[in-house]
$ cat input_20.txt   # compact mmCIF, C-alpha atoms and all ligand atoms
# COMPACT_ATOMS: atom_id res chain seq x y z
CA MET A 29 1.65 27.77 -5.33
CA THR A 30 1.82 29.60 -1.99
CA SER A 31 1.68 27.86 1.37
CA SER A 32 -1.68 29.56 2.13
CA VAL A 33 -3.17 27.94 -0.98
CA HIS A 34 -1.79 24.57 0.18
CA LYS A 35 -3.45 25.10 3.57
CA THR A 36 -6.79 25.97 1.97
CA LEU A 37 -6.71 22.86 -0.22
CA ALA A 38 -5.66 20.59 2.68
CA SER A 39 -8.46 21.93 4.89
CA GLU A 40 -10.98 21.20 2.14
CA LEU A 41 -10.03 17.53 1.90
CA PRO A 42 -12.57 15.14 3.44
CA TYR A 43 -9.78 13.20 5.15
CA PRO A 44 -6.86 14.19 7.40
CA PRO A 45 -3.43 15.06 5.96
CA LEU A 46 -0.93 12.35 5.07
CA VAL A 47 2.57 12.22 6.53
CA HIS A 48 5.45 9.78 6.17
CA GLU A 49 5.45 7.01 8.76
CA THR A 50 8.16 7.50 11.40
CA PRO A 51 9.57 5.00 13.95
CA ALA A 52 7.68 6.89 16.71
CA MET A 53 4.36 5.91 15.05
CA GLU A 54 5.16 2.18 14.87
CA ALA A 55 3.05 1.06 17.84
CA ALA A 56 0.00 3.19 16.95
CA VAL A 57 0.10 2.17 13.27
CA THR A 58 0.41 -1.51 14.23
CA ALA A 59 -2.60 -1.08 16.56
CA LEU A 60 -4.63 0.40 13.66
CA ILE A 61 -3.66 -2.54 11.39
CA ASP A 62 -4.55 -5.03 14.14
CA ARG A 63 -7.94 -3.34 14.61
CA VAL A 64 -8.73 -3.35 10.89
CA PHE A 65 -7.48 -6.85 9.96
CA GLY A 66 -7.63 -8.83 13.21
CA PRO A 67 -5.23 -11.62 14.15
CA GLY A 68 -5.89 -13.52 10.88
CA ARG A 69 -3.51 -11.21 9.08
CA PHE A 70 -0.47 -13.10 10.36
CA ALA A 71 -1.49 -16.16 8.34
CA LYS A 72 -1.31 -14.31 5.02
CA SER A 73 1.46 -15.02 2.52
CA SER A 74 2.04 -11.25 2.31
CA GLU A 75 3.06 -11.28 5.96
CA ARG A 76 6.01 -13.56 5.08
CA LEU A 77 7.40 -10.64 3.07
CA ARG A 78 7.02 -8.19 5.97
CA GLU A 79 8.29 -10.19 8.95
CA GLY A 80 11.96 -9.36 9.39
CA ASN A 81 11.88 -6.87 6.52
CA THR A 82 12.70 -3.15 6.79
CA LEU A 83 9.92 -0.65 6.12
CA LEU A 84 10.45 1.72 3.19
CA ALA A 85 9.75 4.78 5.35
CA ASP A 86 10.07 7.20 2.44
CA CYS A 87 7.22 5.39 0.63
CA SER A 88 4.98 4.61 3.66
CA PHE A 89 2.22 7.03 4.64
CA VAL A 90 -0.04 7.62 7.62
CA ALA A 91 -3.15 9.81 7.97
CA LEU A 92 -3.27 11.50 11.38
CA ARG A 93 -6.50 12.75 12.99
CA ASP A 94 -5.73 14.62 16.24
CA GLY A 95 -2.31 13.00 16.20
CA LYS A 96 -3.74 9.48 15.99
CA PRO A 97 -3.27 7.23 12.91
CA VAL A 98 -6.61 6.62 11.14
CA GLY A 99 -5.15 5.32 7.90
CA CYS A 100 -1.89 3.79 6.73
CA CYS A 101 -0.21 2.37 3.68
CA ARG A 102 3.12 0.62 4.11
CA MET A 103 5.78 -0.36 1.55
CA TRP A 104 8.56 -2.95 1.73
CA PRO A 105 11.58 -3.89 -0.40
CA VAL A 106 11.19 -7.28 -2.09
CA THR A 107 12.44 -8.99 -5.22
CA ILE A 108 10.58 -10.86 -7.94
CA GLY A 109 12.97 -13.44 -9.40
CA GLY A 110 15.80 -11.27 -8.10
CA GLU A 111 14.45 -7.97 -9.51
CA PRO A 112 13.83 -5.29 -6.85
CA VAL A 113 10.26 -3.98 -6.58
CA ALA A 114 8.29 -2.28 -3.80
CA PHE A 115 5.66 -4.39 -2.01
CA LEU A 116 2.56 -2.49 -0.81
CA GLY A 117 0.61 -3.32 2.31
CA PRO A 118 -1.09 -3.36 4.61
CA LEU A 119 -3.48 -0.63 3.48
CA ALA A 120 -5.84 0.09 6.35
CA VAL A 121 -8.41 2.82 6.97
CA ASP A 122 -10.32 3.22 10.23
CA PRO A 123 -14.01 2.31 9.64
CA ASP A 124 -15.05 5.83 10.74
CA GLU A 125 -12.95 7.40 7.96
CA ARG A 126 -13.95 5.24 4.99
CA SER A 127 -15.45 6.25 1.62
CA ALA A 128 -13.87 9.71 1.73
CA GLY A 129 -11.03 8.89 -0.65
CA LEU A 130 -8.44 8.30 2.07
CA GLY A 131 -7.57 4.75 0.99
CA GLN A 132 -6.99 5.83 -2.60
CA ALA A 133 -4.97 8.89 -1.49
CA LEU A 134 -2.73 6.67 0.65
CA VAL A 135 -2.12 4.24 -2.23
CA GLU A 136 -1.46 7.06 -4.70
CA SER A 137 0.97 8.79 -2.33
CA ALA A 138 2.85 5.55 -1.66
CA CYS A 139 3.10 4.72 -5.38
CA GLU A 140 4.18 8.24 -6.34
CA ALA A 141 6.88 8.10 -3.67
CA ALA A 142 8.02 4.72 -5.01
CA ARG A 143 8.17 6.17 -8.53
CA ALA A 144 10.19 9.15 -7.27
CA ALA A 145 12.54 6.80 -5.40
CA GLY A 146 13.23 4.92 -8.65
CA TRP A 147 11.42 1.63 -8.00
CA ARG A 148 10.60 -0.36 -11.14
CA ALA A 149 7.12 -1.45 -10.02
CA VAL A 150 4.81 -1.87 -7.03
CA LEU A 151 3.49 -5.35 -6.17
CA LEU A 152 0.55 -6.16 -3.89
CA VAL A 153 -2.00 -8.87 -3.11
CA GLY A 154 -5.46 -7.31 -3.05
CA ASP A 155 -8.82 -6.73 -4.70
CA GLY A 156 -8.53 -5.94 -8.41
CA PRO A 157 -11.66 -3.73 -8.56
CA TYR A 158 -10.30 -1.48 -5.79
CA PHE A 159 -6.63 -1.25 -6.80
CA GLY A 160 -7.45 -1.20 -10.53
CA ARG A 161 -8.64 2.37 -10.01
CA VAL A 162 -5.06 3.49 -9.54
CA GLY A 163 -3.62 1.34 -12.33
CA PHE A 164 -2.83 -2.03 -10.71
CA THR A 165 -3.47 -5.07 -12.91
CA ASN A 166 -2.96 -8.84 -12.80
CA GLY A 167 -2.40 -8.84 -16.58
CA HIS A 168 1.27 -9.74 -16.30
CA THR A 169 1.57 -11.44 -12.91
CA ALA A 170 0.90 -15.09 -13.87
CA GLY A 171 4.59 -15.89 -13.32
CA VAL A 172 4.91 -14.01 -10.03
CA VAL A 173 5.17 -16.61 -7.25
CA MET A 174 4.23 -15.55 -3.72
CA PRO A 175 5.94 -17.39 -0.82
CA GLY A 176 2.77 -19.24 0.21
CA PRO A 177 -0.80 -19.92 -0.86
CA VAL A 178 -2.51 -17.03 -2.64
CA ASP A 179 -5.33 -16.43 -5.10
CA GLN A 180 -3.16 -15.65 -8.16
CA ARG A 181 -5.84 -13.31 -9.56
CA ARG A 182 -5.22 -11.04 -6.56
CA VAL A 183 -1.50 -10.65 -7.33
CA LEU A 184 -1.37 -7.16 -8.82
CA LEU A 185 1.38 -5.02 -10.26
CA LEU A 186 1.72 -1.32 -11.04
CA PRO A 187 4.58 -0.66 -13.47
CA LEU A 188 6.37 2.58 -12.68
CA LYS A 189 8.92 2.80 -15.47
CA GLU A 190 7.27 1.17 -18.48
CA ALA A 191 3.61 1.30 -19.42
CA ARG A 192 3.53 -2.52 -19.51
CA ASP A 193 6.13 -4.28 -17.39
CA GLU A 194 6.01 -7.87 -18.63
CA GLY A 195 9.42 -9.13 -17.57
CA LEU A 196 8.78 -9.76 -13.88
CA GLU A 197 8.45 -13.41 -12.89
CA GLY A 198 9.75 -15.84 -10.31
CA LEU A 199 9.65 -16.18 -6.55
CA VAL A 200 8.90 -13.10 -4.45
CA ALA A 201 11.33 -12.74 -1.53
CA ILE A 202 12.50 -10.13 0.94
CA ASP A 203 15.18 -8.04 -0.77
CA PRO A 204 18.43 -9.39 0.72
CA ARG A 205 19.85 -5.85 0.66
CA ALA A 206 17.10 -4.61 3.04
C1 LIG B 301 -10.10 -0.98 1.49
C2 LIG B 301 -10.01 0.28 2.34
C3 LIG B 301 -8.54 0.61 2.58
C4 LIG B 301 -10.66 1.43 1.55
O1 LIG B 301 -10.50 2.62 2.29
P1 LIG B 301 -11.38 3.93 1.93
O2 LIG B 301 -10.69 5.09 2.55
O3 LIG B 301 -12.81 3.70 2.25
O4 LIG B 301 -11.18 3.96 0.34
P2 LIG B 301 -11.68 5.04 -0.71
O5 LIG B 301 -12.44 6.13 0.01
O6 LIG B 301 -10.53 5.41 -1.54
O7 LIG B 301 -12.67 4.21 -1.61
C5 LIG B 301 -13.90 3.80 -1.06
C6 LIG B 301 -14.68 3.04 -2.10
O8 LIG B 301 -13.98 1.83 -2.42
C7 LIG B 301 -14.90 0.76 -2.36
N1 LIG B 301 -14.18 -0.40 -1.88
C8 LIG B 301 -13.70 -0.61 -0.64
N2 LIG B 301 -13.12 -1.82 -0.59
C9 LIG B 301 -13.27 -2.36 -1.81
C10 LIG B 301 -12.88 -3.60 -2.36
N3 LIG B 301 -12.26 -4.52 -1.62
N4 LIG B 301 -13.18 -3.84 -3.66
C11 LIG B 301 -13.82 -2.91 -4.41
N5 LIG B 301 -14.22 -1.71 -3.92
C12 LIG B 301 -13.94 -1.45 -2.63
C13 LIG B 301 -15.93 1.17 -1.33
O9 LIG B 301 -17.14 0.53 -1.59
C14 LIG B 301 -16.01 2.65 -1.54
O10 LIG B 301 -16.99 2.97 -2.51
P3 LIG B 301 -17.97 4.20 -2.24
O11 LIG B 301 -17.09 5.41 -2.21
O12 LIG B 301 -18.88 4.14 -3.42
O13 LIG B 301 -18.62 3.96 -0.93
C15 LIG B 301 -10.78 0.13 3.69
O14 LIG B 301 -12.11 -0.25 3.39
C16 LIG B 301 -10.15 -0.88 4.62
O15 LIG B 301 -9.27 -0.53 5.43
N6 LIG B 301 -10.62 -2.14 4.52
C17 LIG B 301 -10.11 -3.20 5.34
C18 LIG B 301 -8.69 -3.57 5.00
C19 LIG B 301 -8.50 -3.91 3.53
O16 LIG B 301 -9.31 -4.61 2.93
N7 LIG B 301 -7.37 -3.41 2.97
C20 LIG B 301 -7.06 -3.56 1.55
C21 LIG B 301 -6.38 -4.84 1.28
S1 LIG B 301 -4.64 -4.72 1.62

$ encode --input "input_20.txt" --output "structure tokens" --more "lines below"
Ligand SMILES: CC(C)(COP(=O)(O)OP(=O)(O)OC[C@H]1O[C@@H](n2cnc3c(N)ncnc32)[C@H](O)[C@@H]1OP(=O)(O)O)[C@@H](O)C(=O)NCCC(=O)NCCS
Amino acid sequence: MTSSVHKTLASELPYPPLVHETPAMEAAVTALIDRVFGPGRFAKSSERLREGNTLLADCSFVALRDGKPVGCCRMWPVTIGGEPVAFLGPLAVDPDERSAGLGQALVESACEAARAAGWRAVLLVGDGPYFGRVGFTNGHTAGVVMPGPVDQRRVLLLPLKEARDEGLEGLVAIDPRA
């Protein structure tokens, strides 16, 4: 495919192009997440897996409109019972950009990057009806223990190496190698 075809397809998308998150975007991406989730986000169990962790920059994506982040999907290295997996979140889309497919495109890009980087699976805490569209399920997460209170039905996994990854269980923790 030629670069001109790429440009045509990108310009036809109803949302801005996705790029990898870089350290220079940190403050603007954090401001977007703060706007979308509000201060309550710091109380979430998921936040325990992000504080002090190191972003997986090669699997984290940002949508830029006029150079400003309007959507983001971050990924972090964690372990489930000692097994390394990628942890997705936050996923945030500016209210003005919603229902154009941007959220799904961000999740798909992050998961494809995680697959390419060799991660076994992607874990997240989120709404099954939304993330089920891209293959996440709580079918095999009953034994996955988040580090704090959580609605267990919202603990979702996307296997990247096997169609059904049933062997993941135990406490979720920041990957000590991060
Ligand atoms: C969830 C979110 C990322 C979706 O972004 P988006 O760019 O609008 O997503 P898409 O365009 O791919 O999909 C939009 C569709 O998903 C549906 N949807 C959005 N949130 C949903 C949810 N929690 N459960 C089920 N469906 C949902 C919308 O109704 C919409 O349907 P429509 O196209 O018929 O209007 C965005 O609404 C957001 O930032 N919400 C606040 C933060 C949040 O909840 N993040 C996810 C948890 S980590």

$ residues_near_point --input "input_20.txt" --point "(-3.0, -5.1, -9.2)" --cutoff "9 Å" --atoms "all atoms listed in the file" --output "PDB file with C-alpha atoms, in the frame of the given file"
ATOM      1  CA  VAL A 150       4.810  -1.870  -7.030  1.00  0.00           C
ATOM      2  CA  LEU A 151       3.490  -5.350  -6.170  1.00  0.00           C
ATOM      3  CA  LEU A 152       0.550  -6.160  -3.890  1.00  0.00           C
ATOM      4  CA  VAL A 153      -2.000  -8.870  -3.110  1.00  0.00           C
ATOM      5  CA  GLY A 154      -5.460  -7.310  -3.050  1.00  0.00           C
ATOM      6  CA  ASP A 155      -8.820  -6.730  -4.700  1.00  0.00           C
ATOM      7  CA  GLY A 156      -8.530  -5.940  -8.410  1.00  0.00           C
ATOM      8  CA  PRO A 157     -11.660  -3.730  -8.560  1.00  0.00           C
ATOM      9  CA  TYR A 158     -10.300  -1.480  -5.790  1.00  0.00           C
ATOM     10  CA  PHE A 159      -6.630  -1.250  -6.800  1.00  0.00           C
ATOM     11  CA  GLY A 160      -7.450  -1.200 -10.530  1.00  0.00           C
ATOM     12  CA  VAL A 162      -5.060   3.490  -9.540  1.00  0.00           C
ATOM     13  CA  GLY A 163      -3.620   1.340 -12.330  1.00  0.00           C
ATOM     14  CA  PHE A 164      -2.830  -2.030 -10.710  1.00  0.00           C
ATOM     15  CA  THR A 165      -3.470  -5.070 -12.910  1.00  0.00           C
ATOM     16  CA  ASN A 166      -2.960  -8.840 -12.800  1.00  0.00           C
ATOM     17  CA  GLY A 167      -2.400  -8.840 -16.580  1.00  0.00           C
ATOM     18  CA  THR A 169       1.570 -11.440 -12.910  1.00  0.00           C
ATOM     19  CA  ARG A 181      -5.840 -13.310  -9.560  1.00  0.00           C
ATOM     20  CA  ARG A 182      -5.220 -11.040  -6.560  1.00  0.00           C
ATOM     21  CA  VAL A 183      -1.500 -10.650  -7.330  1.00  0.00           C
ATOM     22  CA  LEU A 184      -1.370  -7.160  -8.820  1.00  0.00           C
ATOM     23  CA  LEU A 185       1.380  -5.020 -10.260  1.00  0.00           C
ATOM     24  CA  LEU A 186       1.720  -1.320 -11.040  1.00  0.00           C
TER      25      LEU A 186
END

$ residues_around --input "input_20.txt" --residues "Met103 of chain A" --least-positions-apart "4" --cutoff "7 Å" --atoms "only C-alpha atoms" --output "PyMOL selection string"
chain A and resi 83-84+87-88+114-117

$ residues_near_ligand --input "input_20.txt" --ligand "ligand LIG 301 (chain B)" --cutoff "7 Å" --atoms "all atoms listed in the file" --output "list in words"
Val64, Phe65, Gly117, Pro118, Leu119, Ala120, Val121, Asp122, Pro123, Glu125, Arg126, Ser127, Ala128, Gly129, Leu130, Gly131, Gln132, Ala133, Val153, Gly154, Asp155, Gly156, Pro157 and Tyr158 of chain A

$ closest_residue --input "input_20.txt" --among "A:Leu77, A:Val90, A:Val200, A:Ala59" --to "Tyr43 of chain A" --atoms "all atoms listed in the file"
A:Val90

$ closest_residue --input "input_20.txt" --among "A:Val113, A:Ala191, A:Leu92, A:Cys101" --to "Glu136 of chain A" --atoms "only C-alpha atoms"
A:Cys101

$ closest_residue --input "input_20.txt" --among "A:His48, A:Arg148, A:Arg69, A:Lys189" --to "Pro105 of chain A" --atoms "all atoms listed in the file"
A:Arg148

$ closest_residue --input "input_20.txt" --among "A:Val106, A:Val178, A:Ile61, A:Leu188" --to "Ala144 of chain A" --atoms "all atoms listed in the file"
A:Leu188

$ build_atoms --input "input_20.txt" --residues "segment 55-90 of chain A" --atoms "N, CA and C atoms" --output "PDB file, keeping the file's coordinate frame"
ATOM      1  N   ALA A  55       4.012   1.759  16.988  1.00  0.00           N
ATOM      2  CA  ALA A  55       3.050   1.060  17.840  1.00  0.00           C
ATOM      3  C   ALA A  55       1.610   1.449  17.492  1.00  0.00           C
ATOM      4  N   ALA A  56       1.361   2.729  17.248  1.00  0.00           N
ATOM      5  CA  ALA A  56       0.000   3.190  16.950  1.00  0.00           C
ATOM      6  C   ALA A  56      -0.463   2.700  15.575  1.00  0.00           C
ATOM      7  N   VAL A  57       0.458   2.659  14.614  1.00  0.00           N
ATOM      8  CA  VAL A  57       0.100   2.170  13.270  1.00  0.00           C
ATOM      9  C   VAL A  57      -0.184   0.662  13.339  1.00  0.00           C
ATOM     10  N   THR A  58       0.638  -0.065  14.077  1.00  0.00           N
ATOM     11  CA  THR A  58       0.410  -1.510  14.230  1.00  0.00           C
ATOM     12  C   THR A  58      -0.946  -1.762  14.907  1.00  0.00           C
ATOM     13  N   ALA A  59      -1.304  -0.928  15.887  1.00  0.00           N
ATOM     14  CA  ALA A  59      -2.600  -1.080  16.560  1.00  0.00           C
ATOM     15  C   ALA A  59      -3.748  -0.845  15.580  1.00  0.00           C
ATOM     16  N   LEU A  60      -3.604   0.142  14.688  1.00  0.00           N
ATOM     17  CA  LEU A  60      -4.630   0.400  13.660  1.00  0.00           C
ATOM     18  C   LEU A  60      -4.767  -0.825  12.741  1.00  0.00           C
ATOM     19  N   ILE A  61      -3.631  -1.365  12.286  1.00  0.00           N
ATOM     20  CA  ILE A  61      -3.660  -2.540  11.390  1.00  0.00           C
ATOM     21  C   ILE A  61      -4.301  -3.730  12.105  1.00  0.00           C
ATOM     22  N   ASP A  62      -3.959  -3.936  13.369  1.00  0.00           N
ATOM     23  CA  ASP A  62      -4.550  -5.030  14.140  1.00  0.00           C
ATOM     24  C   ASP A  62      -6.066  -4.870  14.244  1.00  0.00           C
ATOM     25  N   ARG A  63      -6.507  -3.623  14.486  1.00  0.00           N
ATOM     26  CA  ARG A  63      -7.940  -3.340  14.610  1.00  0.00           C
ATOM     27  C   ARG A  63      -8.671  -3.641  13.308  1.00  0.00           C
ATOM     28  N   VAL A  64      -8.069  -3.228  12.193  1.00  0.00           N
ATOM     29  CA  VAL A  64      -8.730  -3.350  10.890  1.00  0.00           C
ATOM     30  C   VAL A  64      -8.721  -4.801  10.381  1.00  0.00           C
ATOM     31  N   PHE A  65      -7.611  -5.509  10.555  1.00  0.00           N
ATOM     32  CA  PHE A  65      -7.480  -6.850   9.960  1.00  0.00           C
ATOM     33  C   PHE A  65      -7.705  -7.988  10.948  1.00  0.00           C
ATOM     34  N   GLY A  66      -7.500  -7.740  12.244  1.00  0.00           N
ATOM     35  CA  GLY A  66      -7.630  -8.830  13.210  1.00  0.00           C
ATOM     36  C   GLY A  66      -6.438  -9.754  13.152  1.00  0.00           C
ATOM     37  N   PRO A  67      -6.406 -10.752  14.039  1.00  0.00           N
ATOM     38  CA  PRO A  67      -5.230 -11.620  14.150  1.00  0.00           C
ATOM     39  C   PRO A  67      -5.000 -12.487  12.913  1.00  0.00           C
ATOM     40  N   GLY A  68      -6.026 -12.674  12.081  1.00  0.00           N
ATOM     41  CA  GLY A  68      -5.890 -13.520  10.880  1.00  0.00           C
ATOM     42  C   GLY A  68      -4.841 -13.026   9.921  1.00  0.00           C
ATOM     43  N   ARG A  69      -4.453 -11.776  10.058  1.00  0.00           N
ATOM     44  CA  ARG A  69      -3.510 -11.210   9.080  1.00  0.00           C
ATOM     45  C   ARG A  69      -2.151 -11.909   9.112  1.00  0.00           C
ATOM     46  N   PHE A  70      -1.796 -12.483  10.258  1.00  0.00           N
ATOM     47  CA  PHE A  70      -0.470 -13.100  10.360  1.00  0.00           C
ATOM     48  C   PHE A  70      -0.369 -14.377   9.536  1.00  0.00           C
ATOM     49  N   ALA A  71      -1.518 -14.935   9.132  1.00  0.00           N
ATOM     50  CA  ALA A  71      -1.490 -16.160   8.340  1.00  0.00           C
ATOM     51  C   ALA A  71      -1.296 -15.882   6.852  1.00  0.00           C
ATOM     52  N   LYS A  72      -1.371 -14.618   6.450  1.00  0.00           N
ATOM     53  CA  LYS A  72      -1.310 -14.310   5.020  1.00  0.00           C
ATOM     54  C   LYS A  72       0.095 -14.477   4.452  1.00  0.00           C
ATOM     55  N   SER A  73       0.155 -14.891   3.185  1.00  0.00           N
ATOM     56  CA  SER A  73       1.460 -15.020   2.520  1.00  0.00           C
ATOM     57  C   SER A  73       2.182 -13.680   2.494  1.00  0.00           C
ATOM     58  N   SER A  74       1.425 -12.580   2.350  1.00  0.00           N
ATOM     59  CA  SER A  74       2.040 -11.250   2.310  1.00  0.00           C
ATOM     60  C   SER A  74       2.853 -10.982   3.566  1.00  0.00           C
ATOM     61  N   GLU A  75       2.380 -11.529   4.683  1.00  0.00           N
ATOM     62  CA  GLU A  75       3.060 -11.280   5.960  1.00  0.00           C
ATOM     63  C   GLU A  75       4.469 -11.880   5.952  1.00  0.00           C
ATOM     64  N   ARG A  76       4.667 -12.955   5.164  1.00  0.00           N
ATOM     65  CA  ARG A  76       6.010 -13.560   5.080  1.00  0.00           C
ATOM     66  C   ARG A  76       7.011 -12.574   4.477  1.00  0.00           C
ATOM     67  N   LEU A  77       6.504 -11.611   3.713  1.00  0.00           N
ATOM     68  CA  LEU A  77       7.400 -10.640   3.070  1.00  0.00           C
ATOM     69  C   LEU A  77       7.611  -9.399   3.933  1.00  0.00           C
ATOM     70  N   ARG A  78       6.888  -9.354   5.085  1.00  0.00           N
ATOM     71  CA  ARG A  78       7.020  -8.190   5.970  1.00  0.00           C
ATOM     72  C   ARG A  78       7.792  -8.530   7.240  1.00  0.00           C
ATOM     73  N   GLU A  79       7.571  -9.770   7.743  1.00  0.00           N
ATOM     74  CA  GLU A  79       8.290 -10.190   8.950  1.00  0.00           C
ATOM     75  C   GLU A  79       9.787 -10.158   8.701  1.00  0.00           C
ATOM     76  N   GLY A  80      10.505  -9.411   9.522  1.00  0.00           N
ATOM     77  CA  GLY A  80      11.960  -9.360   9.390  1.00  0.00           C
ATOM     78  C   GLY A  80      12.437  -8.429   8.294  1.00  0.00           C
ATOM     79  N   ASN A  81      11.515  -7.808   7.576  1.00  0.00           N
ATOM     80  CA  ASN A  81      11.880  -6.870   6.520  1.00  0.00           C
ATOM     81  C   ASN A  81      12.005  -5.460   7.112  1.00  0.00           C
ATOM     82  N   THR A  82      12.513  -4.531   6.333  1.00  0.00           N
ATOM     83  CA  THR A  82      12.700  -3.150   6.790  1.00  0.00           C
ATOM     84  C   THR A  82      11.766  -2.237   6.023  1.00  0.00           C
ATOM     85  N   LEU A  83      10.896  -1.541   6.744  1.00  0.00           N
ATOM     86  CA  LEU A  83       9.920  -0.650   6.120  1.00  0.00           C
ATOM     87  C   LEU A  83      10.603   0.371   5.210  1.00  0.00           C
ATOM     88  N   LEU A  84       9.994   0.611   4.033  1.00  0.00           N
ATOM     89  CA  LEU A  84      10.450   1.720   3.190  1.00  0.00           C
ATOM     90  C   LEU A  84       9.759   2.987   3.708  1.00  0.00           C
ATOM     91  N   ALA A  85      10.400   3.650   4.669  1.00  0.00           N
ATOM     92  CA  ALA A  85       9.750   4.780   5.350  1.00  0.00           C
ATOM     93  C   ALA A  85       9.440   5.914   4.384  1.00  0.00           C
ATOM     94  N   ASP A  86      10.294   6.088   3.371  1.00  0.00           N
ATOM     95  CA  ASP A  86      10.070   7.200   2.440  1.00  0.00           C
ATOM     96  C   ASP A  86       8.887   6.949   1.509  1.00  0.00           C
ATOM     97  N   CYS A  87       8.369   5.718   1.488  1.00  0.00           N
ATOM     98  CA  CYS A  87       7.220   5.390   0.630  1.00  0.00           C
ATOM     99  C   CYS A  87       6.002   4.954   1.452  1.00  0.00           C
ATOM    100  N   SER A  88       6.069   5.066   2.774  1.00  0.00           N
ATOM    101  CA  SER A  88       4.980   4.610   3.660  1.00  0.00           C
ATOM    102  C   SER A  88       4.300   5.821   4.283  1.00  0.00           C
ATOM    103  N   PHE A  89       2.959   5.840   4.215  1.00  0.00           N
ATOM    104  CA  PHE A  89       2.220   7.030   4.640  1.00  0.00           C
ATOM    105  C   PHE A  89       1.178   6.710   5.708  1.00  0.00           C
ATOM    106  N   VAL A  90       0.933   7.733   6.534  1.00  0.00           N
ATOM    107  CA  VAL A  90      -0.040   7.620   7.620  1.00  0.00           C
ATOM    108  C   VAL A  90      -0.928   8.854   7.574  1.00  0.00           C
TER     109      VAL A  90
END
